[in-house]
>>> print(open('final.pdb').read())   # PDB, C-alpha atoms
ATOM      1  CA  MET A 465     175.045  34.610 -69.971
ATOM      2  CA  GLU A 466     177.677  31.893 -70.243
ATOM      3  CA  TRP A 467     176.875  28.734 -72.181
ATOM      4  CA  TYR A 468     176.168  26.710 -69.018
ATOM      5  CA  ASP A 469     173.719  29.367 -67.847
ATOM      6  CA  TRP A 470     171.947  29.097 -71.184
ATOM      7  CA  VAL A 471     171.677  25.320 -70.706
ATOM      8  CA  LEU A 472     170.110  25.834 -67.275
ATOM      9  CA  TRP A 473     167.809  28.565 -68.626
ATOM     10  CA  ILE A 474     166.572  26.279 -71.407
ATOM     11  CA  LEU A 475     165.994  23.448 -68.913
ATOM     12  CA  VAL A 476     163.852  25.722 -66.731
ATOM     13  CA  LEU A 477     161.941  26.956 -69.795
ATOM     14  CA  TYR A 478     161.368  23.336 -70.822
ATOM     15  CA  MET A 479     159.899  22.570 -67.401
ATOM     16  CA  THR A 480     157.724  25.683 -67.471
ATOM     17  CA  LEU A 481     156.175  25.151 -70.899
ATOM     18  CA  GLY A 482     156.219  21.366 -70.993
ATOM     19  CA  SER A 483     155.052  20.493 -67.519
ATOM     20  CA  ASP A 484     154.326  23.046 -64.837
ATOM     21  CA  PHE A 485     152.282  25.442 -66.986
ATOM     22  CA  GLY A 486     151.392  23.324 -69.995
ATOM     23  CA  LEU A 487     150.254  20.209 -68.159
ATOM     24  CA  ASN A 488     148.682  21.709 -65.054
ATOM     25  CA  TRP A 489     146.931  24.734 -66.569
ATOM     26  CA  LEU A 490     146.110  23.755 -70.154
ATOM     27  CA  THR A 491     144.649  20.312 -69.452
ATOM     28  CA  GLY A 492     142.803  20.893 -66.177
ATOM     29  CA  ILE A 493     144.876  18.419 -64.158
ATOM     30  CA  SER A 494     145.230  21.013 -61.376
ATOM     31  CA  LEU A 495     141.401  21.076 -61.213
ATOM     32  CA  GLY A 496     141.290  17.331 -60.669
ATOM     33  CA  LYS A 497     140.391  16.327 -64.238
ATOM     34  CA  ARG A 498     141.798  13.163 -65.754
ATOM     35  CA  ILE A 499     143.357  13.164 -69.206
ATOM     36  CA  ASP A 500     141.041  12.042 -72.028
ATOM     37  CA  LYS A 501     142.640  11.397 -75.412
ATOM     38  CA  ASN A 502     139.306  12.037 -77.201
ATOM     39  CA  SER A 503     138.747  15.398 -75.565
ATOM     40  CA  THR A 504     138.219  18.426 -77.785
ATOM     41  CA  ASN A 505     141.063  20.065 -75.863
ATOM     42  CA  ILE A 506     144.138  19.578 -78.063
ATOM     43  CA  PHE A 507     146.421  19.657 -75.012
ATOM     44  CA  ASN A 508     144.552  16.682 -73.566
ATOM     45  CA  LYS A 509     145.334  14.726 -76.720
ATOM     46  CA  ILE A 510     149.008  15.723 -76.651
ATOM     47  CA  TYR A 511     149.542  14.939 -72.977
ATOM     48  CA  TYR A 512     147.610  11.699 -73.234
ATOM     49  CA  TYR A 513     150.134  10.259 -75.665
ATOM     50  CA  ILE A 514     153.290  11.645 -74.083
ATOM     51  CA  TRP A 515     152.347  11.085 -70.448
ATOM     52  CA  ALA A 516     148.883  10.132 -69.233
ATOM     53  CA  SER A 517     148.267   6.890 -71.122
ATOM     54  CA  THR A 518     150.780   5.123 -68.899
ATOM     55  CA  ASP A 519     150.269   7.110 -65.688
ATOM     56  CA  PRO A 520     147.867   5.332 -63.303
ATOM     57  CA  MET A 521     147.725   8.353 -60.975
ATOM     58  CA  ALA A 522     146.420  10.990 -63.384
ATOM     59  CA  GLY A 523     145.601   9.203 -66.614
ATOM     60  CA  PRO A 524     142.776   6.732 -67.245
ATOM     61  CA  VAL A 525     142.728   4.102 -64.503
ATOM     62  CA  ASP A 526     141.493   1.388 -66.879
ATOM     63  CA  ARG A 527     143.105   1.822 -70.291
ATOM     64  CA  SER A 528     140.734  -0.752 -71.817
ATOM     65  CA  LEU A 529     137.951   1.811 -71.372
ATOM     66  CA  VAL A 530     139.659   4.203 -73.792
ATOM     67  CA  ASP A 531     138.859   3.505 -77.438
ATOM     68  CA  GLY A 532     139.799   5.167 -80.712
ATOM     69  CA  SER A 533     136.347   6.464 -81.599
ATOM     70  CA  GLY A 534     135.515  10.104 -82.067
ATOM     71  CA  VAL A 535     133.271  10.014 -79.026
ATOM     72  CA  THR A 536     134.692  11.136 -75.708
ATOM     73  CA  ALA A 537     136.254   8.076 -74.200
ATOM     74  CA  PRO A 538     134.500   6.620 -71.147
ATOM     75  CA  VAL A 539     137.427   7.401 -68.893
ATOM     76  CA  ASN A 540     137.231   5.846 -65.457
ATOM     77  CA  LYS A 541     135.511   8.449 -63.271
ATOM     78  CA  LYS A 542     137.498   7.618 -60.155
ATOM     79  CA  PRO A 543     138.795  11.014 -58.967
ATOM     80  CA  ILE A 544     142.482  11.797 -58.835
ATOM     81  CA  ALA A 545     143.947  11.284 -55.362
ATOM     82  CA  PRO A 546     144.045  14.460 -53.234
ATOM     83  CA  ALA A 547     147.840  14.239 -52.924
ATOM     84  CA  MET A 548     148.162  14.225 -56.714
ATOM     85  CA  VAL A 549     145.787  17.171 -57.096
ATOM     86  CA  ALA A 550     147.705  19.138 -54.447
ATOM     87  CA  LEU A 551     151.004  18.355 -56.183
ATOM     88  CA  CYS A 552     149.633  19.611 -59.500
ATOM     89  CA  GLN A 553     148.245  22.764 -57.883
ATOM     90  CA  MET A 554     151.582  23.562 -56.239
ATOM     91  CA  ASN A 555     153.336  23.137 -59.567
ATOM     92  CA  ALA A 556     150.688  25.216 -61.340
ATOM     93  CA  VAL A 557     150.998  28.200 -59.003
ATOM     94  CA  ILE A 558     154.140  28.197 -56.852
ATOM     95  CA  THR A 559     156.499  26.445 -59.258
ATOM     96  CA  VAL A 560     155.437  28.446 -62.311
ATOM     97  CA  SER A 561     155.925  31.676 -60.340
ATOM     98  CA  LEU A 562     159.419  30.596 -59.301
ATOM     99  CA  GLU A 563     160.295  29.572 -62.835
ATOM    100  CA  VAL A 564     159.271  32.960 -64.213
ATOM    101  CA  LEU A 565     161.400  34.695 -61.557
ATOM    102  CA  ILE A 566     164.368  32.464 -62.361
ATOM    103  CA  LEU A 567     164.053  32.906 -66.130
ATOM    104  CA  ILE A 568     164.025  36.691 -65.731
ATOM    105  CA  GLY A 569     166.547  36.728 -62.890
ATOM    106  CA  MET A 570     169.212  34.886 -64.855
ATOM    107  CA  PHE A 571     169.310  37.883 -67.211
ATOM    108  CA  THR A 572     168.900  40.659 -64.659
ATOM    109  CA  HIS A 573     170.695  39.054 -61.677
ATOM    110  CA  GLY A 574     168.036  40.560 -59.434
ATOM    111  CA  PRO A 575     168.175  40.040 -55.643
ATOM    112  CA  TYR A 576     165.288  37.566 -55.850
ATOM    113  CA  LEU A 577     167.225  35.112 -58.045
ATOM    114  CA  ARG A 578     169.082  33.130 -55.392
ATOM    115  CA  PRO A 579     166.089  32.780 -52.991
ATOM    116  CA  ALA A 580     163.956  31.607 -55.922
ATOM    117  CA  VAL A 581     166.620  29.096 -56.956
ATOM    118  CA  PHE A 582     166.784  27.555 -53.497
ATOM    119  CA  MET A 583     162.999  27.363 -53.247
ATOM    120  CA  PHE A 584     163.029  25.686 -56.667
ATOM    121  CA  VAL A 585     164.998  22.787 -55.162
ATOM    122  CA  PHE A 586     161.720  21.525 -53.721
ATOM    123  CA  ARG A 587     160.412  21.098 -57.274
ATOM    124  CA  GLY A 588     163.160  18.557 -57.870
ATOM    125  CA  LEU A 589     162.380  16.796 -54.603
ATOM    126  CA  LEU A 590     158.675  16.629 -55.465
ATOM    127  CA  GLU A 591     159.571  15.046 -58.800
ATOM    128  CA  ILE A 592     161.578  12.389 -56.969
ATOM    129  CA  VAL A 593     158.597  11.630 -54.712
ATOM    130  CA  TYR A 594     156.300  11.466 -57.760
ATOM    131  CA  ALA A 595     158.750   9.228 -59.623
ATOM    132  CA  SER A 596     159.037   6.858 -56.677
ATOM    133  CA  GLN A 597     155.266   6.403 -56.551
ATOM    134  CA  LEU A 598     154.933   6.189 -60.340
ATOM    135  CA  ILE A 599     157.629   3.532 -60.715
ATOM    136  CA  TRP A 600     157.208   1.507 -57.529
ATOM    137  CA  GLY A 601     153.584   2.128 -56.585
ATOM    138  CA  LYS A 602     150.515   0.192 -57.689
ATOM    139  CA  GLY A 603     150.497  -0.227 -61.463
ATOM    140  CA  GLY A 604     154.129   0.837 -61.715
ATOM    141  CA  VAL A 605     155.361   2.080 -65.078
ATOM    142  CA  ARG A 606     157.714  -0.245 -66.967
ATOM    143  CA  GLY A 607     159.263  -0.728 -70.398
ATOM    144  CA  TRP A 608     159.333   2.071 -72.964
ATOM    145  CA  ALA A 609     156.900   4.117 -70.905
ATOM    146  CA  LEU A 610     159.459   4.178 -68.099
ATOM    147  CA  VAL A 611     162.301   5.043 -70.483
ATOM    148  CA  SER A 612     160.204   7.872 -71.930
ATOM    149  CA  TYR A 613     159.410   9.234 -68.470
ATOM    150  CA  LEU A 614     163.048   9.141 -67.412
ATOM    151  CA  ILE A 615     164.137  11.053 -70.531
ATOM    152  CA  ILE A 616     161.404  13.702 -70.693
ATOM    153  CA  GLY A 617     160.414  13.800 -67.028
ATOM    154  CA  LEU A 618     162.551  12.649 -64.136
ATOM    155  CA  ILE A 619     166.045  13.449 -65.409
ATOM    156  CA  PRO A 620     165.549  17.004 -66.751
ATOM    157  CA  GLN A 621     163.026  17.986 -64.066
ATOM    158  CA  THR A 622     165.363  17.032 -61.247
ATOM    159  CA  LEU A 623     168.628  18.080 -62.846
ATOM    160  CA  ALA A 624     167.421  21.638 -63.509
ATOM    161  CA  PRO A 625     166.583  22.539 -59.866
ATOM    162  CA  PHE A 626     169.619  20.783 -58.383
ATOM    163  CA  LEU A 627     172.094  22.181 -60.924
ATOM    164  CA  LEU A 628     170.641  25.669 -60.466
ATOM    165  CA  ALA A 629     171.114  25.442 -56.701
ATOM    166  CA  MET A 630     174.686  24.249 -57.157
ATOM    167  CA  ARG A 631     175.380  27.022 -59.682
ATOM    168  CA  PHE A 632     174.131  29.852 -57.454
ATOM    169  CA  ALA A 633     174.874  28.399 -54.014
ATOM    170  CA  THR A 634     177.923  30.593 -53.409
ATOM    171  CA  SER A 635     177.270  33.707 -55.474
ATOM    172  CA  ILE A 636     175.894  35.024 -58.740
ATOM    173  CA  GLU A 637     179.310  34.418 -60.268
ATOM    174  CA  PRO A 638     180.253  30.759 -60.890
ATOM    175  CA  ASP A 639     182.097  29.441 -57.843
ATOM    176  CA  ILE A 640     181.288  25.754 -57.350
ATOM    177  CA  LEU A 641     183.046  24.264 -54.329
ATOM    178  CA  TRP A 642     184.165  20.633 -54.122
ATOM    179  CA  TRP A 643     181.410  19.576 -51.700
ATOM    180  CA  GLN A 644     178.489  21.052 -53.631
ATOM    181  CA  PRO A 645     177.991  18.163 -56.110
ATOM    182  CA  PHE A 646     177.698  15.762 -53.142
ATOM    183  CA  VAL A 647     175.051  17.943 -51.463
ATOM    184  CA  PHE A 648     173.033  19.102 -54.469
ATOM    185  CA  LEU A 649     173.305  15.981 -56.642
ATOM    186  CA  GLY A 650     174.534  13.061 -54.565
ATOM    187  CA  LEU A 651     172.122  13.513 -51.650
ATOM    188  CA  PRO A 652     168.783  13.786 -53.535
ATOM    189  CA  TYR A 653     169.620  11.076 -56.072
ATOM    190  CA  GLY A 654     170.996   8.936 -53.264
ATOM    191  CA  ILE A 655     167.610   9.160 -51.514
ATOM    192  CA  PHE A 656     165.859   8.141 -54.739
ATOM    193  CA  ILE A 657     168.169   5.126 -55.143
ATOM    194  CA  TRP A 658     167.644   4.223 -51.473
ATOM    195  CA  THR A 659     163.861   4.447 -51.919
ATOM    196  CA  SER A 660     164.069   2.292 -55.044
ATOM    197  CA  ILE A 661     166.090  -0.395 -53.263
ATOM    198  CA  VAL A 662     163.637  -0.520 -50.353
ATOM    199  CA  SER A 663     160.633  -0.558 -52.723
ATOM    200  CA  TYR A 664     162.166  -3.314 -54.861
ATOM    201  CA  ASN A 665     162.781  -5.464 -51.797
ATOM    202  CA  ASN A 666     159.251  -4.802 -50.524
ATOM    203  CA  GLN A 667     157.734  -6.138 -53.732
ATOM    204  CA  GLY A 668     158.499  -9.653 -52.498
ATOM    205  CA  VAL A 669     156.779  -9.149 -49.160
ATOM    206  CA  ARG A 670     153.488 -11.053 -48.815
ATOM    207  CA  LEU A 671     150.521 -10.312 -46.607
ATOM    208  CA  LYS A 672     151.256 -13.353 -44.434
ATOM    209  CA  ASP A 673     154.524 -11.751 -43.427
ATOM    210  CA  TYR A 674     152.453  -9.150 -41.573
ATOM    211  CA  THR A 675     149.869 -11.524 -40.162
ATOM    212  CA  ALA A 676     152.131 -14.409 -39.128
TER     213      ALA A 676
END
>>> encode(input="final.pdb", output="structure tokens")
Amino acid sequence: MEWYDWVLWILVLYMTLGSDFGLNWLTGISLGKRIDKNSTNIFNKIYYYIWASTDPMAGPVDRSLVDGSGVTAPVNKKPIAPAMVALCQMNAVITVSLEVLILIGMFTHGPYLRPAVFMFVFRGLLEIVYASQLIWGKGGVRGWALVSYLIIGLIPQTLAPFLLAMRFATSIEPDILWWQPFVFLGLPYGIFIWTSIVSYNNQGVRLKDYTA
């Protein structure tokens, strides 16, 4: 493979091990379990510090309930929202399957590679939806937690699917046309920026604006 294919391959591997398999299968998130930093499951501890401690959708709802004792922390028992559970289950099964096909297909150039790549685009779109809710929803992430998520989450986990689609849109051989960056990069990130602008403006809307 060329160097740029290796970069894409490593990005997909990063997503597979770091998020779609590691997070959803090894911690129990796909089964609706919240992350507990005092769990005996070492992956719970790891993902608590790199992700869940600042995520109101899948981590502890009330961080003050999590202490540093050796006893399992009294994590808020409020169940994870069904939409979040479904998202994790899709990533645990469908996305991991696609990633395995892509990782193998980039070496073998099998006929399944391009269909898998285009299906993988939806993984990037799901990450944009998740990011929009995480950043602009109730209890939105800010500060260093946001910077950390952008670096280890949003940017690589959207770039990989979109760059893969752009790379293989025309053929197995590299043949990127002038309009492809606008379609595969400009359009999805443009939607995220549009969503962010609307969400930012809506933060100033009060209840009386709806009841006046």
>>> axis_aligned_box(input="final.pdb", around="region 529-536 of chain A", padding_each_side="5 Å", output="JSON")
{"center_x": 136.5, "center_y": 6.5, "center_z": -76.7, "size_x": 16.5, "size_y": 19.3, "size_z": 20.7}
>>> residues_near_point(input="final.pdb", point="(158.4, 5.4, -73.3)", cutoff="12 Å", atoms="all atoms listed in the file", output="PDB file with C-alpha atoms, keeping the file's coordinate frame")
ATOM      1  CA  TYR A 513     150.134  10.259 -75.665  1.00  0.00           C
ATOM      2  CA  ILE A 514     153.290  11.645 -74.083  1.00  0.00           C
ATOM      3  CA  TRP A 515     152.347  11.085 -70.448  1.00  0.00           C
ATOM      4  CA  ALA A 516     148.883  10.132 -69.233  1.00  0.00           C
ATOM      5  CA  SER A 517     148.267   6.890 -71.122  1.00  0.00           C
ATOM      6  CA  THR A 518     150.780   5.123 -68.899  1.00  0.00           C
ATOM      7  CA  ASP A 519     150.269   7.110 -65.688  1.00  0.00           C
ATOM      8  CA  VAL A 605     155.361   2.080 -65.078  1.00  0.00           C
ATOM      9  CA  ARG A 606     157.714  -0.245 -66.967  1.00  0.00           C
ATOM     10  CA  GLY A 607     159.263  -0.728 -70.398  1.00  0.00           C
ATOM     11  CA  TRP A 608     159.333   2.071 -72.964  1.00  0.00           C
ATOM     12  CA  ALA A 609     156.900   4.117 -70.905  1.00  0.00           C
ATOM     13  CA  LEU A 610     159.459   4.178 -68.099  1.00  0.00           C
ATOM     14  CA  VAL A 611     162.301   5.043 -70.483  1.00  0.00           C
ATOM     15  CA  SER A 612     160.204   7.872 -71.930  1.00  0.00           C
ATOM     16  CA  TYR A 613     159.410   9.234 -68.470  1.00  0.00           C
ATOM     17  CA  LEU A 614     163.048   9.141 -67.412  1.00  0.00           C
ATOM     18  CA  ILE A 615     164.137  11.053 -70.531  1.00  0.00           C
ATOM     19  CA  ILE A 616     161.404  13.702 -70.693  1.00  0.00           C
ATOM     20  CA  GLY A 617     160.414  13.800 -67.028  1.00  0.00           C
TER      21      GLY A 617
END
>>> closest_residue(input="final.pdb", among="A:Pro579, A:Ile636, A:Thr504, A:Glu591", to="Leu565 (chain A)", atoms="only C-alpha atoms")
A:Pro579
>>> closest_residue(input="final.pdb", among="A:Ala522, A:Met570, A:Ile558, A:Ile506", to="Lys542 (chain A)", atoms="all atoms listed in the file")
A:Ala522
>>> resolve_selection(input="final.pdb", expression="the PyMOL selection byres ((chain A and resi 563) around 12)", output="ChimeraX atom specification")
/A:472-481,483-485,555-562,564-570,576-577,579-585,587,621,624-625,628
>>> resolve_selection(input="final.pdb", expression="the PyMOL selection byres ((chain A and resi 631) around 10)", output="number ranges by chain")
A: 468-469, 472, 578, 581, 625-630, 632-641, 644-645, 648
>>> closest_residue(input="final.pdb", among="A:Val539, A:Val471, A:Ala545, A:Leu551", to="Asn488 (chain A)", atoms="only C-alpha atoms")
A:Leu551
>>> closest_residue(input="final.pdb", among="A:Val525, A:Gly588, A:Cys552, A:Ile499", to="Asn540 (chain A)", atoms="all atoms listed in the file")
A:Val525
>>> resolve_selection(input="final.pdb", expression="the PyMOL selection byres ((chain A and resi 508) around 10)", output="list in words")
Leu487, Leu490, Thr491, Gly492, Ile493, Arg498, Ile499, Asp500, Lys501, Asn502, Ser503, Thr504, Asn505, Ile506, Phe507, Lys509, Ile510, Tyr511, Tyr512, Tyr513 and Ala516 of chain A
>>> closest_residue(input="final.pdb", among="A:Ile619, A:Ala537, A:Met554, A:Met548", to="Pro520 (chain A)", atoms="all atoms listed in the file")
A:Met548
>>> closest_residue(input="final.pdb", among="A:Trp470, A:Lys497, A:Ser596, A:Pro546", to="Trp658 (chain A)", atoms="all atoms listed in the file")
A:Ser596
>>> atom_distance(input="final.pdb", atom1="CA of Ile599 (chain A)", atom2="CA of Ser494 (chain A)")
21.4 Å
>>> residues_around(input="final.pdb", residues="Ser660 (chain A)", least_positions_apart="5", cutoff="10 Å", atoms="all atoms listed in the file", output="list in words")
Ala595, Ser596, Gln597, Ile599, Trp600, Gly654, Ile655, Asn665 and Asn666 of chain A
>>> write_last_selection(input="final.pdb", atoms="C-alpha atoms", output="short mmCIF file (atom, residue, chain, number, x, y, z; two decimals), in the frame of the given file")
data_model
loop_
_atom_site.label_atom_id
_atom_site.label_comp_id
_atom_site.auth_asym_id
_atom_site.auth_seq_id
_atom_site.Cartn_x
_atom_site.Cartn_y
_atom_site.Cartn_z
CA ALA A 595 158.75 9.23 -59.62
CA SER A 596 159.04 6.86 -56.68
CA GLN A 597 155.27 6.40 -56.55
CA ILE A 599 157.63 3.53 -60.72
CA TRP A 600 157.21 1.51 -57.53
CA GLY A 654 171.00 8.94 -53.26
CA ILE A 655 167.61 9.16 -51.51
CA ASN A 665 162.78 -5.46 -51.80
CA ASN A 666 159.25 -4.80 -50.52
#
>>> atom_distance(input="final.pdb", atom1="CA of Gly496 (chain A)", atom2="CA of Val549 (chain A)")
5.7 Å
>>> atom_distance(input="final.pdb", atom1="CA of Leu623 (chain A)", atom2="CA of Trp467 (chain A)")
16.4 Å
